[in-house]
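*Asks:* Pasting in a structure now, in structure tokens, and then I'll have a few things to ask.
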2 protein chains.
Amino acid sequence: MRTHNKLATREAISTAALRLAVEKGPGGLALVRVRDIAEAAGVSPRTYNNYFSSREEAICAVESDRARRLGQALLSRPTAEPLGQAIAAAAIEHYGTAEPDKVGLRMIMSTSALEGEALKAFTTAEEPLAAAIAERIGTDPAHDLFPQVMAAAIAGAVRVAARHWLNRDNTESFATVLGRALAHVLPSADPSDS
Amino acid sequence: MRTHNKLATREAISTAALRLAVEKGPGGLALVRVRDIAEAAGVSPRTYNNYFSSREEAICAVESDRARRLGQALLSRPTAEPLGQAIAAAAIEHYGTAEPDKVGLRMIMSTSALEGEALKAFTTAEEPLAAAIAERIGTDPAHDLFPQVMAAAIAGAVRVAARHWLNRDNTESFATVLGRALAHVLPSADPSDS
DNA sequence: GCACTATATGCGTGCCACGCAAGTTGTGAG
DNA sequence: CTCACAACTTGCGTGGCACGCATATAGTGC
């Protein structure tokens with residue numbers, strides 16, 4: 001199958017890009033040359049550019065792809081579950097199992113040159129997430145802002161949780177931190193905080 | 001004063017950049033050359049590059065600067081006000097009075113090449129906002145995620161509200177849309193939605 | 001008035017994204 | 001089985017951009 005091969009090379013390129021970026025460290029992103037990425041992925045530089053239109057995009061593609069699947073995770077929750085619980089469970093399952101690659105994630109989130117692309121990656125989750133929420137509560141996203149606002153809040157919580165989880169070298173699992181962060185924005189789960 | 005001149009030229013460059021981008025339209029961002037921006041701002045191309053390290057950054061600087069001041073707006077609210085009300089009032093005042101330049105904002109938010117930088121611009125609000133919230137409720141941001149999560153949710157709500165306000169050519173003021181969006185995430189203002 | 005520092009500018013360099021066209025490989029119809 | 005076709009890869013050339021460095025200029029404090 002051709003599409004299979006396309007996905008394989010795409011992943012090869014993005015993986016190689018992230019690996020090289022990690023090797024050079026947050027400061028030396030400018031030293032990650034396109035030809036290095038292409039060479040590491042076993043393709044020509046021109047082919048790399050057929051898949052990604054910037055090094056940043058290639059480096060963040062892994063996170064971007066993961067975020068895009070969050071909406072799917074929500075859809076697979078039982079419909080009987082209350083919305084807030086379903087979201088929390090979906091997110092924790094999605095990000096908790098197969099804990100994110102700490103090194104790669106830290107690279108992405110601590111490199112200023114990758115800031116915009118990293119935000120794009122997290123924000124990628126919003127559209128499918130909003131669609132899933134809208135379907136779950138059965139509203140028209142054209143007039144009700146709740147699905148999109150909630151999706152943005154969730155994506156933001158995931159991002160904040162990731163930042164916290166990376167910065168303090170605590171022993172908490174990412175799932176734990178994520179759960180605490182989500183509790184602040186999920187509906188009908190408003191703990192008296194602080 | 002030297003700093004005053006620096007701010008003036010910075011604003012001149014960003015304004016010129018945004019104006020040219022609007023003229024070319026969302027599709028033709030690649031046609032906005034650096035030398036055009038510099039010429040329109042009355043500086044040399046090299047000087048432009050001393051202020052901004054990319055065209056995208058220059059174009060979005062106006063929105064970025066505005067977002068950065070949102071935290072300040074919250075700090076100037078009376079401390080007696082409940083947090084949710086204070087945030088809503090601060091945001092609506094900050095973005096509602098002097099309604100955002102609809103054309104420029106639409107340009108920024110509908111141009112895919114500007115997506116990352118636009119997200120950076122909105123996200124700029126988060127840090128000062130989180131600091132303001134933390135100061136208001138008196139918690140330590142190092143351990144309590146609430147300020148950062150709430151700040152991210154607010155910034156997301158502003159972004160969603162802006163998108164909605166731009167896309168539908170409705171007669172609602174931005175302040176109205178923003179208020180509706182914020183109501184979905186602000187604490188102790190949880191309307192039975194949908 | 002003078003030395004000094006911050007800012008503006010010109011020039012040169014390396015790299016990058018992408019259009020274009022040719023080569024290569026897998027695919028489906030007859 | 002063969003052949004025509006489509007998808008994918010690759011090489012090459014082009015225009016542009018970010019930035020380091022050295023220089024000119026202008027505003028500042030003693």
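Labels for the structure tokens follow display order: chains A, B, ..., residues from 1 in each chain, ligands from 1.
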Can I get the residues of chain A within 9 Å of chain B, each with the closest pair of atoms and their distance in Å to one decimal, using only C-alpha atoms, sorted chain first then ascending number, as a tab-separated table?
*Replies:*
```
residue	atom	partner	partner_atom	distance
A:Glu115	CA	B:Lys120	CA	7.3
A:Gly116	CA	B:Gly116	CA	4.4
A:Glu117	CA	B:Gly116	CA	5.7
A:Ala118	CA	B:Gly116	CA	8.2
A:Leu119	CA	B:Leu119	CA	6.5
A:Lys120	CA	B:Gly116	CA	5.7
A:Thr123	CA	B:Leu119	CA	8.6
A:Ile137	CA	B:Ser194	CA	8.0
A:Gly138	CA	B:Ser194	CA	8.6
A:Thr139	CA	B:Ser194	CA	6.6
A:Ala142	CA	B:His164	CA	8.3
A:His143	CA	B:His164	CA	8.8
A:Asp144	CA	B:Ser194	CA	6.9
A:Leu145	CA	B:Ala181	CA	6.1
A:Phe146	CA	B:His184	CA	6.3
A:Gln148	CA	B:Val160	CA	6.6
A:Val149	CA	B:Ala157	CA	5.3
A:Met150	CA	B:Val185	CA	7.3
A:Ala151	CA	B:Gly156	CA	8.8
A:Ala152	CA	B:Gly156	CA	5.2
A:Ala153	CA	B:Ala153	CA	4.3
A:Ile154	CA	B:Ala153	CA	7.7
A:Ala155	CA	B:Ala153	CA	8.6
A:Gly156	CA	B:Ala152	CA	5.2
A:Ala157	CA	B:Val149	CA	5.3
A:Val158	CA	B:Val149	CA	8.8
A:Arg159	CA	B:Ala152	CA	8.7
A:Val160	CA	B:Val149	CA	6.2
A:Ala161	CA	B:Leu145	CA	7.8
A:His164	CA	B:Leu145	CA	8.1
A:Arg168	CA	B:Ala142	CA	8.8
A:Val177	CA	B:Leu145	CA	9.0
A:Arg180	CA	B:Leu145	CA	7.7
A:Ala181	CA	B:Leu145	CA	6.1
A:Leu182	CA	B:Val149	CA	8.1
A:His184	CA	B:Phe146	CA	6.3
A:Val185	CA	B:Val185	CA	6.4
A:Leu186	CA	B:Val185	CA	8.4
A:Pro187	CA	B:Asp190	CA	7.9
A:Ser188	CA	B:Asp190	CA	8.6
A:Asp190	CA	B:Pro187	CA	8.1
A:Asp193	CA	B:Phe146	CA	7.5
A:Ser194	CA	B:Asp144	CA	6.4
```
*Asks:* Excluding C:DA8 and its own-chain neighbours fewer than 4 positions away, which residues fall within 10 Å of it when counting only C-alpha atoms (C1' of nucleotides)? Please give them as a PyMOL selection string.
*Replies:* (chain B and resi 43-44+46-48+50) or (chain D and resi 24-26)
*Asks:* Take the residues just selected and output them with all heavy atoms as a CSV table (one decimal), in the first residue's frame.
*Replies:*
```
chain,number,residue,atom,x,y,z
B,43,VAL,N,12.5,52.7,7.6
B,43,VAL,CA,13.8,52.2,8.1
B,43,VAL,C,14.5,51.3,7.1
B,43,VAL,O,13.9,50.9,6.1
B,43,VAL,CB,13.6,51.5,9.5
B,43,VAL,CG1,13.1,52.4,10.5
B,43,VAL,CG2,12.8,50.3,9.3
B,44,SER,N,15.7,51.0,7.4
B,44,SER,CA,16.4,50.1,6.5
B,44,SER,C,16.0,48.6,6.8
B,44,SER,O,15.5,48.3,7.9
B,44,SER,CB,17.9,50.2,6.7
B,44,SER,OG,18.4,49.2,7.5
B,46,ARG,N,17.7,46.1,7.4
B,46,ARG,CA,18.5,45.6,8.5
B,46,ARG,C,18.0,46.0,9.8
B,46,ARG,O,18.0,45.3,10.8
B,46,ARG,CB,20.0,46.0,8.3
B,46,ARG,CG,20.9,45.4,9.3
B,46,ARG,CD,21.0,43.9,9.1
B,46,ARG,NE,21.7,43.2,10.1
B,46,ARG,CZ,21.3,42.9,11.3
B,46,ARG,NH1,20.1,43.2,11.6
B,46,ARG,NH2,22.1,42.2,12.1
B,47,THR,N,17.5,47.2,9.9
B,47,THR,CA,16.9,47.8,11.1
B,47,THR,C,15.7,47.0,11.5
B,47,THR,O,15.4,46.7,12.7
B,47,THR,CB,16.7,49.3,11.0
B,47,THR,OG1,17.9,49.9,10.7
B,47,THR,CG2,16.1,49.8,12.3
B,48,TYR,N,14.9,46.8,10.5
B,48,TYR,CA,13.7,46.0,10.7
B,48,TYR,C,14.0,44.7,11.5
B,48,TYR,O,13.4,44.3,12.4
B,48,TYR,CB,12.9,45.6,9.4
B,48,TYR,CG,12.4,44.3,9.3
B,48,TYR,CD1,11.1,44.0,9.8
B,48,TYR,CD2,13.1,43.2,8.8
B,48,TYR,CE1,10.6,42.7,9.8
B,48,TYR,CE2,12.6,41.9,8.7
B,48,TYR,CZ,11.4,41.7,9.2
B,48,TYR,OH,10.9,40.4,9.2
B,50,ASN,N,16.5,44.2,13.3
B,50,ASN,CA,16.9,44.4,14.7
B,50,ASN,C,15.8,44.3,15.7
B,50,ASN,O,15.9,44.1,16.9
B,50,ASN,CB,17.7,45.7,14.8
B,50,ASN,CG,19.0,45.7,14.2
B,50,ASN,OD1,19.6,44.6,14.0
B,50,ASN,ND2,19.6,46.8,13.9
D,24,DA,P,33.3,54.5,8.6
D,24,DA,OP1,33.9,54.9,7.3
D,24,DA,OP2,34.0,54.6,9.9
D,24,DA,O5',31.9,55.3,8.8
D,24,DA,C5',30.9,55.2,7.8
D,24,DA,C4',29.5,55.7,8.3
D,24,DA,O4',29.1,54.8,9.4
D,24,DA,C3',29.6,57.1,8.9
D,24,DA,O3',28.4,57.8,8.4
D,24,DA,C2',29.5,56.8,10.4
D,24,DA,C1',28.7,55.6,10.5
D,24,DA,N9,28.9,54.8,11.7
D,24,DA,C8,30.1,54.2,12.1
D,24,DA,N7,30.0,53.5,13.2
D,24,DA,C5,28.7,53.6,13.6
D,24,DA,C6,27.9,53.1,14.6
D,24,DA,N6,28.4,52.4,15.6
D,24,DA,N1,26.6,53.4,14.7
D,24,DA,C2,26.1,54.1,13.7
D,24,DA,N3,26.7,54.7,12.6
D,24,DA,C4,28.0,54.4,12.6
D,25,DT,P,28.3,59.4,8.7
D,25,DT,OP1,27.9,60.0,7.4
D,25,DT,OP2,29.6,59.9,9.3
D,25,DT,O5',27.2,59.6,9.8
D,25,DT,C5',26.0,58.7,9.7
D,25,DT,C4',25.2,58.8,11.0
D,25,DT,O4',25.7,57.8,11.9
D,25,DT,C3',25.2,60.2,11.7
D,25,DT,O3',23.9,60.5,12.0
D,25,DT,C2',26.0,59.9,12.9
D,25,DT,C1',25.7,58.4,13.2
D,25,DT,N1,26.7,57.7,14.0
D,25,DT,C2,26.2,57.1,15.2
D,25,DT,O2,25.0,57.0,15.5
D,25,DT,N3,27.2,56.4,15.9
D,25,DT,C4,28.5,56.4,15.6
D,25,DT,O4,29.3,55.8,16.4
D,25,DT,C5,29.0,57.1,14.5
D,25,DT,C7,30.4,57.1,14.1
D,25,DT,C6,28.0,57.7,13.7
D,26,DA,P,23.4,62.0,12.2
D,26,DA,OP1,22.6,62.4,11.1
D,26,DA,OP2,24.6,62.8,12.6
D,26,DA,O5',22.5,61.9,13.5
D,26,DA,C5',21.8,60.7,13.7
D,26,DA,C4',21.6,60.4,15.2
D,26,DA,O4',22.8,59.8,15.7
D,26,DA,C3',21.5,61.7,16.0
D,26,DA,O3',20.5,61.5,17.1
D,26,DA,C2',22.9,61.9,16.6
D,26,DA,C1',23.2,60.4,16.8
D,26,DA,N9,24.7,60.2,16.9
D,26,DA,C8,25.7,60.7,16.2
D,26,DA,N7,26.9,60.3,16.5
D,26,DA,C5,26.7,59.5,17.6
D,26,DA,C6,27.5,58.7,18.4
D,26,DA,N6,28.9,58.7,18.2
D,26,DA,N1,27.0,58.0,19.4
D,26,DA,C2,25.7,58.0,19.5
D,26,DA,N3,24.7,58.7,18.8
D,26,DA,C4,25.3,59.4,17.9
```
*Asks:* Please identify the alpha helix (DSSP H) residues within chain A (assignment by DSSP from backbone atoms) and present them as a ChimeraX atom specification.
*Replies:* /A:2-24,34-41,45-51,55-68,70-75,83-96,102-110,115-123,126-137,146-167,174-183
*Asks:* Applying 12 Å and only C-alpha atoms (C1' of nucleotides), which residues near A:Arg35 remain after dropping the ones on its own chain fewer than 3 positions away? List them as a list in words.
*Replies:*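 With the cut-off at 12 Å, the set is Ile13, Ala16, Ala17, Leu20, Leu31, Val32, Ala38, Glu39, Ala40, Ala41, Gly42, Val43, Ser44, Pro45, Arg46, Thr47, Tyr48, Asn49 and Arg55 of chain A; DC15 and DC16 of chain C.
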*Asks:* Near C:DC2, counting only C-alpha atoms (C1' of nucleotides), which residues have an atom at most 12 Å away, once you skip same-chain residues fewer than 2 positions from it, shown as an mmCIF file with N, CA and C atoms (P, O5', C5', C4', C3', O3' and C1' of nucleotides), in the first residue's frame?
*Replies:*
```cif
data_model
loop_
_atom_site.group_PDB
_atom_site.id
_atom_site.type_symbol
_atom_site.label_atom_id
_atom_site.label_comp_id
_atom_site.auth_asym_id
_atom_site.auth_seq_id
_atom_site.Cartn_x
_atom_site.Cartn_y
_atom_site.Cartn_z
ATOM 1 P P DC C 4 36.196 57.290 26.133
ATOM 2 O "O5'" DC C 4 34.611 57.073 26.128
ATOM 3 C "C5'" DC C 4 33.817 57.560 27.231
ATOM 4 C "C4'" DC C 4 32.401 57.020 27.093
ATOM 5 C "C3'" DC C 4 32.312 55.657 26.422
ATOM 6 O "O3'" DC C 4 31.343 54.875 27.097
ATOM 7 C "C1'" DC C 4 31.005 57.198 25.229
ATOM 8 P P DT D 28 18.957 61.870 24.365
ATOM 9 O "O5'" DT D 28 20.249 61.536 25.233
ATOM 10 C "C5'" DT D 28 20.738 60.195 25.259
ATOM 11 C "C4'" DT D 28 21.770 60.032 26.361
ATOM 12 C "C3'" DT D 28 21.610 60.994 27.528
ATOM 13 O "O3'" DT D 28 21.822 60.293 28.743
ATOM 14 C "C1'" DT D 28 23.772 61.243 26.582
ATOM 15 P P DG D 29 21.461 60.930 30.112
ATOM 16 O "O5'" DG D 29 22.894 60.992 30.832
ATOM 17 C "C5'" DG D 29 23.654 59.788 30.953
ATOM 18 C "C4'" DG D 29 25.068 60.119 31.385
ATOM 19 C "C3'" DG D 29 25.178 60.994 32.643
ATOM 20 O "O3'" DG D 29 26.266 60.534 33.446
ATOM 21 C "C1'" DG D 29 26.257 62.070 30.838
ATOM 22 P P DC D 30 26.536 61.137 34.852
ATOM 23 O "O5'" DC D 30 27.967 61.825 34.674
ATOM 24 C "C5'" DC D 30 29.061 61.052 34.164
ATOM 25 C "C4'" DC D 30 30.260 61.943 33.892
ATOM 26 C "C3'" DC D 30 30.601 62.927 35.020
ATOM 27 O "O3'" DC D 30 31.986 62.851 35.329
ATOM 28 C "C1'" DC D 30 30.394 64.104 32.972
#
```
*Asks:* Would you mind listing what lies within 12 Å of D:DG20 as number ranges by chain, with only C-alpha atoms (C1' of nucleotides) counted and same-chain residues fewer than 3 positions away left out?
*Replies:* B: 46; C: 11-14
*Asks:* Listing only residues of chain D within 9 Å of chain B, what is the closest atom pair and its distance in Å (to one decimal) for each, using only C-alpha atoms (C1' of nucleotides), sorted by chain and residue number ascending, as JSON lines?
*Replies:*
```
{"residue": "D:DG16", "atom": "C1'", "partner": "B:Arg33", "partner_atom": "CA", "distance": 8.4}
{"residue": "D:DC17", "atom": "C1'", "partner": "B:Val34", "partner_atom": "CA", "distance": 8.3}
{"residue": "D:DA18", "atom": "C1'", "partner": "B:Ser53", "partner_atom": "CA", "distance": 6.8}
{"residue": "D:DC19", "atom": "C1'", "partner": "B:Asn49", "partner_atom": "CA", "distance": 8.4}
{"residue": "D:DG27", "atom": "C1'", "partner": "B:Arg2", "partner_atom": "CA", "distance": 7.8}
```
*Asks:* Given the choices C:DG1, C:DT24, C:DC18, C:DG30, which gets closest to chain A if the distance is worked out from only C-alpha atoms (C1' of nucleotides)?
*Replies:* C:DC18
*Asks:* How far is it from atom CA of A:Ala89 to atom CA of A:Ala73, in Å with one decimal?
*Replies:* 9.0 Å
*Asks:* Using only C-alpha atoms (C1' of nucleotides), I'd like a table of the residues in chain C that come within 10 Å of chain B; for each, show the closest atom pair and its distance in Å rounded to one decimal, ordered by chain and ascending number, as CSV.
*Replies:*
```
residue,atom,partner,partner_atom,distance
C:DA6,C1',B:Arg2,CA,8.6
C:DT7,C1',B:Lys6,CA,8.9
C:DA8,C1',B:Thr47,CA,6.4
C:DT9,C1',B:Ser44,CA,6.7
C:DG10,C1',B:Arg46,CA,8.5
```
*Asks:* Grab the atom C1' of C:DT5 to atom CA of B:His4 distance for me, in Å with one decimal place.
*Replies:*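 These two atoms are separated by 17.0 Å.
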*Asks:* Report, in Å to a single decimal, how far apart atom CA of B:Arg69 and atom CA of B:Glu127 are.
*Replies:*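 Going from atom CA of B:Glu127 over to atom CA of B:Arg69, I get 10.4 Å.
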